[in-house]
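Peer 1: For reference, the structure I am asking about is given below.
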Amino acid sequence: MLNIAEKWREFRQWQQQPHQVAPMTVEWHTCNTCGQEFQGNYCPRCGQSARIGRYSFKKAFLLFLDVWGLGNRGMFRTLRDLLLRPGYMIRDYLSGMQMAYFPPFKLFFLLMTLSLVVESGFNLKGENYFEAAVEQMRQGYGYSFEEADNEEQTEEQKQMNEEAESFGLKVMEYAQKFPSAMTLGMLLVMSGFLYIFFRKCPNIPDLRFSELLVALVYTTDMFAIYDIVREFFCLPSETQFVCMLLPLLPLKQMSGFKWWKLLSIMILVFVMVIVAFCLLGILSMGAYILLSQFL
């Protein structure tokens, strides 16, 4: 038990420590491109890495990964830290340690693309999650309208029900086609409400709105990593609830709020976001019905 407690203490210390940059090598190099002699990892004249030498399949593969932004150490370090010390990593990034980590928005779009691939059927069971969600939504609408048809309704009410169903399905189709835009829009709305409470958090008392938005994007990246793993292995849908609670951890580590205060803030913000989206949905559906009548 003492050994486990000691390991946990060391892990907690490692979590809270900023990223340590390895000392620069004192070995002299001659750049193969411009002939500049230098010390360090990169040529100060043209920027070529000191590790680049003769051609090999390994170096060609690493160069291919670099072209897509996947081959640098910052990518793998970012994935590791998002899983093991997400909030502390976000705080380090906001404090200016940006070269050590993969950019949040670039990582966001890469993970959204990978998530689309997994959700469209590239998983252990070949299950298409979007088609299943749309079918479930159709069945839900069909059941509710079947009940409604048993009651006495006017033709106008039935037409409005059909238009509401069409509107809901169009929203689902839009979310399937443009998941990144939908997610970013939701993050913008949520960050607006969260900023009311987070702008004077204990760890970053002068937090800016743009910094909070970056923190939420990184938090979404962390959630996406776990969700991609869950969907790839086709884990039970109940595990999604556990994934939904994971974003609390980076927000707690970054802000320094007590757990009870953070939970109170998140519940309040969740209610505010639900109300805002309900109002937006009602207005959007009303506009859609009016336009469908005139066009």
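Scheme for the structure tokens: letters A, B, ... for chains in order shown; per-chain residue numbers from 1; ligand numbers from 1 in order shown.
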Considering only helix (DSSP H, G or I) as DSSP defines it on the backbone, what residues of stretch 5-87 of chain A qualify? List them as a PDB file with N, CA and C atoms, in the first residue's frame.
Peer 2:
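Done, and the output landed in part-v7.pdb:
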ATOM      1  N   ALA A   5       0.841   4.339  -2.741  1.00  0.00           N
ATOM      2  CA  ALA A   5       0.657   5.733  -2.337  1.00  0.00           C
ATOM      3  C   ALA A   5       1.820   6.596  -2.818  1.00  0.00           C
ATOM      4  N   GLU A   6       3.036   6.057  -2.756  1.00  0.00           N
ATOM      5  CA  GLU A   6       4.196   6.800  -3.221  1.00  0.00           C
ATOM      6  C   GLU A   6       4.142   7.011  -4.731  1.00  0.00           C
ATOM      7  N   LYS A   7       3.732   5.987  -5.472  1.00  0.00           N
ATOM      8  CA  LYS A   7       3.604   6.119  -6.929  1.00  0.00           C
ATOM      9  C   LYS A   7       2.540   7.159  -7.287  1.00  0.00           C
ATOM     10  N   TRP A   8       1.438   7.144  -6.545  1.00  0.00           N
ATOM     11  CA  TRP A   8       0.387   8.124  -6.793  1.00  0.00           C
ATOM     12  C   TRP A   8       0.874   9.545  -6.508  1.00  0.00           C
ATOM     13  N   ARG A   9       1.646   9.716  -5.435  1.00  0.00           N
ATOM     14  CA  ARG A   9       2.192  11.035  -5.096  1.00  0.00           C
ATOM     15  C   ARG A   9       3.140  11.510  -6.198  1.00  0.00           C
ATOM     16  N   GLU A  10       3.979  10.612  -6.721  1.00  0.00           N
ATOM     17  CA  GLU A  10       4.893  10.985  -7.795  1.00  0.00           C
ATOM     18  C   GLU A  10       4.117  11.344  -9.066  1.00  0.00           C
ATOM     19  N   PHE A  11       3.051  10.584  -9.331  1.00  0.00           N
ATOM     20  CA  PHE A  11       2.231  10.878 -10.501  1.00  0.00           C
ATOM     21  C   PHE A  11       1.572  12.242 -10.383  1.00  0.00           C
ATOM     22  N   ARG A  12       1.072  12.587  -9.190  1.00  0.00           N
ATOM     23  CA  ARG A  12       0.446  13.884  -8.972  1.00  0.00           C
ATOM     24  C   ARG A  12       1.467  15.009  -9.124  1.00  0.00           C
ATOM     25  N   GLN A  13       2.671  14.795  -8.670  1.00  0.00           N
ATOM     26  CA  GLN A  13       3.715  15.799  -8.842  1.00  0.00           C
ATOM     27  C   GLN A  13       4.044  15.986 -10.316  1.00  0.00           C
ATOM     28  N   TRP A  14       4.125  14.867 -11.048  1.00  0.00           N
ATOM     29  CA  TRP A  14       4.416  14.955 -12.479  1.00  0.00           C
ATOM     30  C   TRP A  14       3.292  15.687 -13.214  1.00  0.00           C
ATOM     31  N   GLN A  15       2.037  15.440 -12.823  1.00  0.00           N
ATOM     32  CA  GLN A  15       0.905  16.093 -13.463  1.00  0.00           C
ATOM     33  C   GLN A  15       1.005  17.614 -13.389  1.00  0.00           C
ATOM     34  N   GLN A  16       1.421  18.125 -12.243  1.00  0.00           N
ATOM     35  CA  GLN A  16       1.387  19.564 -12.018  1.00  0.00           C
ATOM     36  C   GLN A  16       2.641  20.278 -12.493  1.00  0.00           C
ATOM     37  N   PHE A  57      13.427   4.810 -45.938  1.00  0.00           N
ATOM     38  CA  PHE A  57      11.976   4.670 -45.877  1.00  0.00           C
ATOM     39  C   PHE A  57      11.424   5.214 -44.557  1.00  0.00           C
ATOM     40  N   LYS A  58      12.174   5.044 -43.470  1.00  0.00           N
ATOM     41  CA  LYS A  58      11.742   5.555 -42.181  1.00  0.00           C
ATOM     42  C   LYS A  58      11.609   7.063 -42.215  1.00  0.00           C
ATOM     43  N   LYS A  59      12.631   7.748 -42.778  1.00  0.00           N
ATOM     44  CA  LYS A  59      12.580   9.208 -42.838  1.00  0.00           C
ATOM     45  C   LYS A  59      11.495   9.679 -43.796  1.00  0.00           C
ATOM     46  N   ALA A  60      11.262   8.931 -44.868  1.00  0.00           N
ATOM     47  CA  ALA A  60      10.190   9.290 -45.791  1.00  0.00           C
ATOM     48  C   ALA A  60       8.827   9.176 -45.101  1.00  0.00           C
ATOM     49  N   PHE A  61       8.648   8.137 -44.269  1.00  0.00           N
ATOM     50  CA  PHE A  61       7.392   7.969 -43.549  1.00  0.00           C
ATOM     51  C   PHE A  61       7.192   9.088 -42.530  1.00  0.00           C
ATOM     52  N   LEU A  62       8.271   9.437 -41.805  1.00  0.00           N
ATOM     53  CA  LEU A  62       8.176  10.524 -40.835  1.00  0.00           C
ATOM     54  C   LEU A  62       7.878  11.852 -41.519  1.00  0.00           C
ATOM     55  N   LEU A  63       8.468  12.076 -42.700  1.00  0.00           N
ATOM     56  CA  LEU A  63       8.192  13.290 -43.450  1.00  0.00           C
ATOM     57  C   LEU A  63       6.739  13.327 -43.898  1.00  0.00           C
ATOM     58  N   PHE A  64       6.199  12.163 -44.301  1.00  0.00           N
ATOM     59  CA  PHE A  64       4.785  12.078 -44.674  1.00  0.00           C
ATOM     60  C   PHE A  64       3.888  12.446 -43.493  1.00  0.00           C
ATOM     61  N   LEU A  65       4.236  11.966 -42.299  1.00  0.00           N
ATOM     62  CA  LEU A  65       3.461  12.303 -41.111  1.00  0.00           C
ATOM     63  C   LEU A  65       3.557  13.789 -40.797  1.00  0.00           C
ATOM     64  N   ASP A  66       4.746  14.364 -40.979  1.00  0.00           N
ATOM     65  CA  ASP A  66       4.929  15.789 -40.710  1.00  0.00           C
ATOM     66  C   ASP A  66       4.073  16.642 -41.637  1.00  0.00           C
ATOM     67  N   VAL A  67       3.926  16.209 -42.881  1.00  0.00           N
ATOM     68  CA  VAL A  67       3.113  16.963 -43.833  1.00  0.00           C
ATOM     69  C   VAL A  67       1.674  17.077 -43.330  1.00  0.00           C
ATOM     70  N   ARG A  73       6.806  15.614 -32.273  1.00  0.00           N
ATOM     71  CA  ARG A  73       6.654  15.124 -30.892  1.00  0.00           C
ATOM     72  C   ARG A  73       5.515  15.808 -30.165  1.00  0.00           C
ATOM     73  N   GLY A  74       5.220  17.061 -30.557  1.00  0.00           N
ATOM     74  CA  GLY A  74       4.147  17.781 -29.895  1.00  0.00           C
ATOM     75  C   GLY A  74       2.807  17.086 -30.004  1.00  0.00           C
ATOM     76  N   MET A  75       2.571  16.396 -31.103  1.00  0.00           N
ATOM     77  CA  MET A  75       1.309  15.687 -31.302  1.00  0.00           C
ATOM     78  C   MET A  75       1.152  14.583 -30.266  1.00  0.00           C
ATOM     79  N   PHE A  76       2.123  13.739 -30.149  1.00  0.00           N
ATOM     80  CA  PHE A  76       2.033  12.603 -29.223  1.00  0.00           C
ATOM     81  C   PHE A  76       2.095  13.065 -27.771  1.00  0.00           C
ATOM     82  N   ARG A  77       2.882  14.113 -27.513  1.00  0.00           N
ATOM     83  CA  ARG A  77       2.914  14.670 -26.159  1.00  0.00           C
ATOM     84  C   ARG A  77       1.555  15.255 -25.789  1.00  0.00           C
ATOM     85  N   THR A  78       0.912  15.908 -26.746  1.00  0.00           N
ATOM     86  CA  THR A  78      -0.402  16.495 -26.494  1.00  0.00           C
ATOM     87  C   THR A  78      -1.438  15.421 -26.195  1.00  0.00           C
ATOM     88  N   LEU A  79      -1.426  14.340 -26.983  1.00  0.00           N
ATOM     89  CA  LEU A  79      -2.366  13.242 -26.733  1.00  0.00           C
ATOM     90  C   LEU A  79      -2.128  12.625 -25.358  1.00  0.00           C
ATOM     91  N   ARG A  80      -0.852  12.421 -25.015  1.00  0.00           N
ATOM     92  CA  ARG A  80      -0.533  11.848 -23.710  1.00  0.00           C
ATOM     93  C   ARG A  80      -1.008  12.747 -22.576  1.00  0.00           C
ATOM     94  N   ASP A  81      -0.708  14.045 -22.691  1.00  0.00           N
ATOM     95  CA  ASP A  81      -1.051  14.960 -21.606  1.00  0.00           C
ATOM     96  C   ASP A  81      -2.548  15.208 -21.525  1.00  0.00           C
ATOM     97  N   LEU A  82      -3.247  15.158 -22.660  1.00  0.00           N
ATOM     98  CA  LEU A  82      -4.699  15.307 -22.610  1.00  0.00           C
ATOM     99  C   LEU A  82      -5.355  14.142 -21.880  1.00  0.00           C
ATOM    100  N   LEU A  83      -4.714  12.976 -21.923  1.00  0.00           N
ATOM    101  CA  LEU A  83      -5.261  11.813 -21.229  1.00  0.00           C
ATOM    102  C   LEU A  83      -4.849  11.773 -19.765  1.00  0.00           C
ATOM    103  N   LEU A  84      -3.648  12.241 -19.439  1.00  0.00           N
ATOM    104  CA  LEU A  84      -3.105  12.069 -18.086  1.00  0.00           C
ATOM    105  C   LEU A  84      -3.071  13.340 -17.243  1.00  0.00           C
ATOM    106  N   PRO A  86      -4.807  16.718 -18.339  1.00  0.00           N
ATOM    107  CA  PRO A  86      -5.409  17.645 -19.311  1.00  0.00           C
ATOM    108  C   PRO A  86      -5.477  19.095 -18.851  1.00  0.00           C
ATOM    109  N   GLY A  87      -5.972  19.325 -17.633  1.00  0.00           N
ATOM    110  CA  GLY A  87      -6.126  20.701 -17.170  1.00  0.00           C
ATOM    111  C   GLY A  87      -4.810  21.417 -16.976  1.00  0.00           C
TER     112      GLY A  87
END
Peer 1: Find the spatial neighbours of A:Leu248, counting only C-alpha atoms, within a cut-off of 10 Å - ignore same-chain residues fewer than 5 positions away - and output them as a PyMOL selection string.
Peer 2: chain A and resi 87+219+253+259+262-263+266
Peer 1: Please write the residues from the selection above to a file, keeping C-alpha atoms, as a short mmCIF file (atom, residue, chain, number, x, y, z; two decimals), in the first residue's frame.
Peer 2:
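Result file is part_18.cif:
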data_model
loop_
_atom_site.label_atom_id
_atom_site.label_comp_id
_atom_site.auth_asym_id
_atom_site.auth_seq_id
_atom_site.Cartn_x
_atom_site.Cartn_y
_atom_site.Cartn_z
CA GLY A 87 -6.13 20.70 -17.17
CA THR A 219 -11.36 19.75 -23.49
CA GLN A 253 -7.34 21.25 -12.95
CA TRP A 259 -15.37 20.29 -6.90
CA LEU A 262 -17.36 23.53 -10.31
CA LEU A 263 -20.33 21.15 -10.30
CA MET A 266 -21.60 23.39 -14.71
#
Peer 1: How far is it from atom CA of A:Cys34 to atom CA of A:Ser56, in Å with one decimal?
Peer 2: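 Spanning atom CA of A:Cys34 to atom CA of A:Ser56 is a straight-line distance of 20.6 Å.
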Peer 1: With only C-alpha atoms as the basis for distance, which of A:Gln240, A:Thr220, A:Ser210, A:Gln98 is at the shortest distance from A:Gly192?
Peer 2: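 Looking at the shortest contact to A:Gly192, the residue is A:Ser210.
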Peer 1: Which distance in Å separates atom CA of A:Pro205 and atom CA of A:Asp92, to one decimal?
Peer 2: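 Spanning atom CA of A:Pro205 to atom CA of A:Asp92 is a straight-line distance of 14.8 Å.
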Peer 1: What is the distance between atom CA of A:Ile274 and atom CA of A:Leu216, in Å to one decimal?
Peer 2: 17.7 Å
Peer 1: Using only C-alpha atoms, can you tell me which of A:Asn32, A:Pro250, A:Phe270, A:Pro23 comes closest to A:Leu194?
Peer 2: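 With only C-alpha atoms as the atom set, the closest residue is A:Phe270.
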Peer 1: Skip A:Asn203 itself and residues of its chain fewer than 2 positions away, then list as a VMD selection string all residues within 12 Å of it, counting only C-alpha atoms.
Peer 2: chain A and resid 87 to 88 90 to 92 94 to 95 198 to 201 205 to 207 251 to 258
Peer 1: With N, CA, C and O atoms kept, could you save the residues just selected as a compact mmCIF listing (two decimals), in the first residue's frame?
Peer 2:
# COMPACT_ATOMS: atom_id res chain seq x y z
N GLY A 87 -5.97 19.33 -17.63
CA GLY A 87 -6.13 20.70 -17.17
C GLY A 87 -4.81 21.42 -16.98
O GLY A 87 -4.68 22.61 -17.30
N TYR A 88 -3.81 20.72 -16.46
CA TYR A 88 -2.48 21.32 -16.26
C TYR A 88 -1.83 21.60 -17.61
O TYR A 88 -1.12 22.62 -17.78
N ILE A 90 -3.46 22.34 -20.40
CA ILE A 90 -4.14 23.51 -20.94
C ILE A 90 -3.62 24.78 -20.28
O ILE A 90 -3.39 25.80 -20.95
N ARG A 91 -3.40 24.74 -18.96
CA ARG A 91 -2.87 25.91 -18.26
C ARG A 91 -1.47 26.24 -18.74
O ARG A 91 -1.13 27.42 -18.92
N ASP A 92 -0.64 25.24 -19.00
CA ASP A 92 0.70 25.48 -19.54
C ASP A 92 0.61 26.13 -20.92
O ASP A 92 1.36 27.07 -21.22
N LEU A 94 -1.86 27.96 -22.16
CA LEU A 94 -2.35 29.32 -22.05
C LEU A 94 -1.30 30.27 -21.49
O LEU A 94 -1.31 31.47 -21.78
N SER A 95 -0.37 29.73 -20.69
CA SER A 95 0.69 30.57 -20.11
C SER A 95 1.78 30.90 -21.12
O SER A 95 2.67 31.70 -20.81
N PHE A 198 -15.88 31.83 -14.99
CA PHE A 198 -14.48 31.44 -15.07
C PHE A 198 -13.51 32.62 -15.23
O PHE A 198 -12.31 32.43 -15.14
N ARG A 199 -14.01 33.81 -15.49
CA ARG A 199 -13.10 34.93 -15.78
C ARG A 199 -12.26 35.32 -14.58
O ARG A 199 -11.24 36.00 -14.73
N LYS A 200 -12.65 34.90 -13.39
CA LYS A 200 -11.85 35.17 -12.20
C LYS A 200 -11.62 33.88 -11.41
O LYS A 200 -11.76 33.83 -10.19
N CYS A 201 -11.23 32.82 -12.12
CA CYS A 201 -10.98 31.54 -11.45
C CYS A 201 -9.68 31.62 -10.65
O CYS A 201 -8.80 32.43 -10.96
N PRO A 205 -6.68 34.23 -12.58
CA PRO A 205 -7.66 35.25 -12.18
C PRO A 205 -7.99 36.26 -13.26
O PRO A 205 -9.00 36.97 -13.15
N ASP A 206 -7.15 36.37 -14.30
CA ASP A 206 -7.43 37.32 -15.39
C ASP A 206 -7.69 36.59 -16.70
O ASP A 206 -7.26 37.03 -17.77
N LEU A 207 -8.41 35.48 -16.63
CA LEU A 207 -8.67 34.64 -17.80
C LEU A 207 -9.43 35.43 -18.86
O LEU A 207 -10.42 36.10 -18.57
N LEU A 251 -11.31 21.01 -16.60
CA LEU A 251 -11.80 22.30 -16.11
C LEU A 251 -11.45 22.50 -14.65
O LEU A 251 -11.14 23.62 -14.22
N LYS A 252 -11.50 21.41 -13.87
CA LYS A 252 -11.11 21.49 -12.46
C LYS A 252 -9.62 21.78 -12.31
O LYS A 252 -9.21 22.66 -11.54
N GLN A 253 -8.78 21.06 -13.05
CA GLN A 253 -7.34 21.25 -12.95
C GLN A 253 -6.92 22.64 -13.46
O GLN A 253 -6.03 23.25 -12.88
N MET A 254 -7.56 23.11 -14.51
CA MET A 254 -7.18 24.40 -15.07
C MET A 254 -7.62 25.56 -14.19
O MET A 254 -6.86 26.50 -13.94
N SER A 255 -8.85 25.51 -13.70
CA SER A 255 -9.42 26.65 -12.99
C SER A 255 -9.01 26.73 -11.53
O SER A 255 -8.81 27.82 -11.00
N GLY A 256 -8.88 25.56 -10.87
CA GLY A 256 -8.58 25.56 -9.45
C GLY A 256 -9.81 25.67 -8.57
O GLY A 256 -9.69 25.82 -7.35
N PHE A 257 -11.02 25.59 -9.16
CA PHE A 257 -12.24 25.62 -8.36
C PHE A 257 -12.34 24.34 -7.53
O PHE A 257 -11.83 23.29 -7.90
N LYS A 258 -13.03 24.45 -6.41
CA LYS A 258 -13.40 23.26 -5.63
C LYS A 258 -14.43 22.45 -6.42
O LYS A 258 -15.17 23.00 -7.23
Peer 1: Which of these residues is nearest to A:Leu107, using only C-alpha atoms: A:Ser180, A:Thr239, A:Ser284, A:Ser264?
Peer 2: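 Of A:Ser180, A:Thr239, A:Ser284, A:Ser264, the one nearest A:Leu107, counting only C-alpha atoms, is A:Ser180.
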Peer 1: Calculated over only C-alpha atoms, which of the candidates A:Ile267, A:Val214, A:Val21, A:Leu188 has the smallest distance to A:Phe108?
Peer 2: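 Residue with the minimum atom-to-atom distance to A:Phe108: A:Val214.
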Peer 1: Under the rule that only C-alpha atoms are counted, which of A:His19, A:Pro236, A:Gly286, A:Ile228 is the nearest residue to A:Met99?
Peer 2: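 Result for the nearest residue to A:Met99: A:His19.
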Peer 1: Excluding same-chain residues fewer than 5 positions from A:Thr25, what lies within 8 Å of it counting only C-alpha atoms, as a list of chain:residue names?
Peer 2: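 After dropping sequence-adjacent residues, the list is A:Gln39, A:Gly40, A:Asn41.
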Peer 1: Which neighbours of A:Val117 fall inside 12 Å, counting only C-alpha atoms, when residues of the same chain fewer than 2 positions from it are skipped, and could you give them as a list of chain:residue names?
Peer 2: A:Leu110, A:Leu111, A:Met112, A:Thr113, A:Leu114, A:Ser115, A:Glu119, A:Ser120, A:Gly121, A:Phe122, A:Asn123, A:Gly126, A:Glu127, A:Asn128, A:Tyr129, A:Phe130, A:Gln176, A:Ile228, A:Glu231, A:Phe232
Peer 1: From the list A:Phe178, A:Gln20, A:Cys243, A:Thr33, which residue is nearest A:Arg54 when using only C-alpha atoms?
Peer 2: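 Of the candidates, the smallest distance to A:Arg54 is held by A:Thr33.
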Peer 1: Applying 10 Å and only C-alpha atoms, which residues near A:Arg45 remain after dropping the ones on its own chain fewer than 5 positions away? List them as a CSV table (one decimal) with C-alpha atoms, in the first residue's frame.
Peer 2:
chain,number,residue,atom,x,y,z
A,31,CYS,CA,23.5,21.5,-42.7
A,33,THR,CA,21.0,22.0,-47.5
A,34,CYS,CA,22.9,25.3,-47.0
A,35,GLY,CA,26.2,24.2,-45.5
A,36,GLN,CA,25.8,26.2,-42.3
A,37,GLU,CA,27.7,24.9,-39.3
A,38,PHE,CA,25.7,25.1,-36.1
